[in-house]
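Down below is the structure, laid out as structure tokens.
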Amino acid sequence: MEQVVLLVAGARPNFMKIAPLYRAAQRHPEISCRIVHTGQHYDYEMSQAFFEDLELPAPHHFLHAGSGSHAGQTARIMIAFEEVCQAVRPALVVVVGDVNSTLACSIVAKKLEIPVAHVEAGLRSFDRTMPEEINRLVTDAISDYFFVTEPAAVDNLRREGKDPAHVCFAGHVMVDNLFHQHEKLSHISPRTFSTNTLKESLTDYAFLTLHRPGNVDDKEVFSGIVSALNRIAEERPILFPVHPRTRKKIEQFGLVLTPRIRLLPPLGFREALFLWKDAAVVLTDSGGLQEETTALGVPCVTIRTNTERPITVEQGTNILAGTDPDKIVAACRQALQSDKGRKGCKPPNWDGKAAERIWDFLLAGPLMGVRPALAG
């Protein structure tokens with residue numbers, strides 16, 4: 001009899017994490033994976049083409065959570081997900097990352113006595129002002145199985161008292177997806193991408209993403225970051241796909257970016273990869289991009305004061321710059337001169353096989369004969 005497993009995703013990056021899990025599950029006929037899209041974020045790229053690029057079917061369950069306060073959104077997800085769990089009776093719920101959907105669905109599953117597996121478990125920024133840190137802490141406090149991306153996460157879970165037998169150093173499913181998509185790019189004509197002409201016109205450029213509330217919601221902080229970016233752009237142009245939230249704040253605060261910062265519309269995963277993989281340096285406040293640049297050996301400057309992904313700094317190409325303008329500029333110059341750049345640093349188990357390790361672990365025990373008894 002097939003074991004039904006629910007794969008939960010709440011925003012675009014989550015789908016990039018569950019895609020390798022879904023693809024790998026197709027090799028195991030004893031598993032029936034169903035995708036739950038909570039609808040946590042309205043997303044400009046959640047088209048059918050987006051799912052086709054990731055080789056995913058349309059979500060089996062859509063919860064229509066929508067935006068709103070953390071409490072309101074979490075509550076809507078919990079109510080809708082409980083109905084799905086009662087109807088489907090899954091053997092396991094798999095949550096990924098650290099968004100509100102991760103927290104909400106793990107709580108619902110545990111209340112219904114359904115085992116929970118957290119993929120990307122154990123990451124800690126040790127900054128409890130970050131909503132993501134609260135989501136990570138609570139999810140790991142109640143999960144049953146923990147799939148980690150780096151040794152520091154194993155250490156964090158051990159300190160928090162987790163059973164080592166339930167912790168698996170699997171590697172990183174985001175890197176699985178990155179390698180899969182990178183290989184796909186080699187078979188696609190560059191002319192397919194709207195940014196190809198722009199890329200061809202440049203011999204040297206930086207790539208930028210910026211969206212975290214701590215960076216763009218505070219006028220003073222954001223103004224300082226923009227001043228640093230304008231200085232960096234004097235030396236090489238910057239390609240900047242602008243998140244809708246960030247564009248709104250640029251207009252609201254009246255910030256002026258030099259014309260050498262080329263503002264682009266939001267890009268799909270493949271087109272963004274098409275640009276940043278060949279950038280001289282990537283500037284970002286994204287957690288995922290810190291890891292992806294490390295996996296491909298692209299110099300990276302993280303515009304944040306902390307990171308929950310220390311391996312990208314310790315073994316990778318990432319430099320943590322903070323938000324001081326002078327330090328951002330200095331970090332960019334350091335990244336461009338670093339001997340780590342372009343060497344393709346590969347932390348342990350970042351080899352594109354994390355999803356396979358996760359299913360091997362689950363099928364060796366947690367999914368052997370599991371039949372949940374729903375509460376209530």
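Every chain in the structure tokens has a letter given in the order shown (A, B, ...), and although residue numbers restart at 1 in each chain, ligands are simply numbered from 1 in the order shown.
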Mind checking which residues fall within 8 Å of stretch 15-27 of chain A, counting only C-alpha atoms, ignoring those fewer than 6 positions away in the same chain, and posting them as a ChimeraX atom specification? /A:7-9,33,54-56,96,173-174,176-177,355-356,359
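Near A:Ala321, within 10 Å and counting only C-alpha atoms, sit Leu283, Cys300, Val301, Thr302, Ile303, Arg304, Thr305, Asn306, Asp326, Lys327, Ile328, Val329, Ala330, Ala331 and Cys332 of chain A; same-chain residues fewer than 5 positions away were not included.
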Check the smallest atom-to-atom distance from each of A:Ala233, A:Leu264, A:Val154, A:Ile107 to A:Leu198 using only C-alpha atoms, then report the winner. A:Leu264
Return as an MDAnalysis selection string the full set of residues in stretch 48-267 of chain A whose backbone-based DSSP assignment is helix (DSSP H, G or I). chainID A and resid 48:53 70:88 100:111 131:142 151:159 164:166 173:185 190:192 196:200 213:216 219:235 244:253
12 Å contact set for A:His70, only C-alpha atoms, chain neighbours under 2 positions out, as a list in words: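 Neighbouring residues, sequence-local ones excluded: Gln40, His41, Ala65, Gly66, Ser67, Gly68, Gly72, Gln73, Thr74, Ala75, Arg76, Ile77, Val99, Asn100, Ser101, Leu103, Ala104, Pro131, Glu132, Ile134 and Asn135 of chain A.
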Can you write out the residues you just picked, keeping C-alpha atoms, as a compact mmCIF listing (two decimals), in the first residue's frame?
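Just written: part.txt:
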```txt
# COMPACT_ATOMS: atom_id res chain seq x y z
CA GLN A 40 1.26 32.21 1.82
CA HIS A 41 2.70 34.68 -0.67
CA ALA A 65 -3.85 31.62 2.81
CA GLY A 66 -3.01 35.02 1.35
CA SER A 67 -1.04 37.78 3.03
CA GLY A 68 -1.68 39.57 6.31
CA GLY A 72 -3.69 35.93 10.86
CA GLN A 73 -1.81 34.20 8.08
CA THR A 74 -0.62 31.37 10.34
CA ALA A 75 -4.16 30.83 11.64
CA ARG A 76 -5.64 30.62 8.13
CA ILE A 77 -3.01 28.11 7.06
CA VAL A 99 8.40 30.53 6.49
CA ASN A 100 5.07 30.84 8.31
CA SER A 101 3.73 27.83 6.40
CA LEU A 103 5.53 26.62 11.36
CA ALA A 104 1.76 26.41 10.82
CA PRO A 131 10.44 36.05 12.16
CA GLU A 132 12.24 33.22 10.34
CA ILE A 134 11.12 31.99 15.52
CA ASN A 135 9.68 29.73 12.83
```
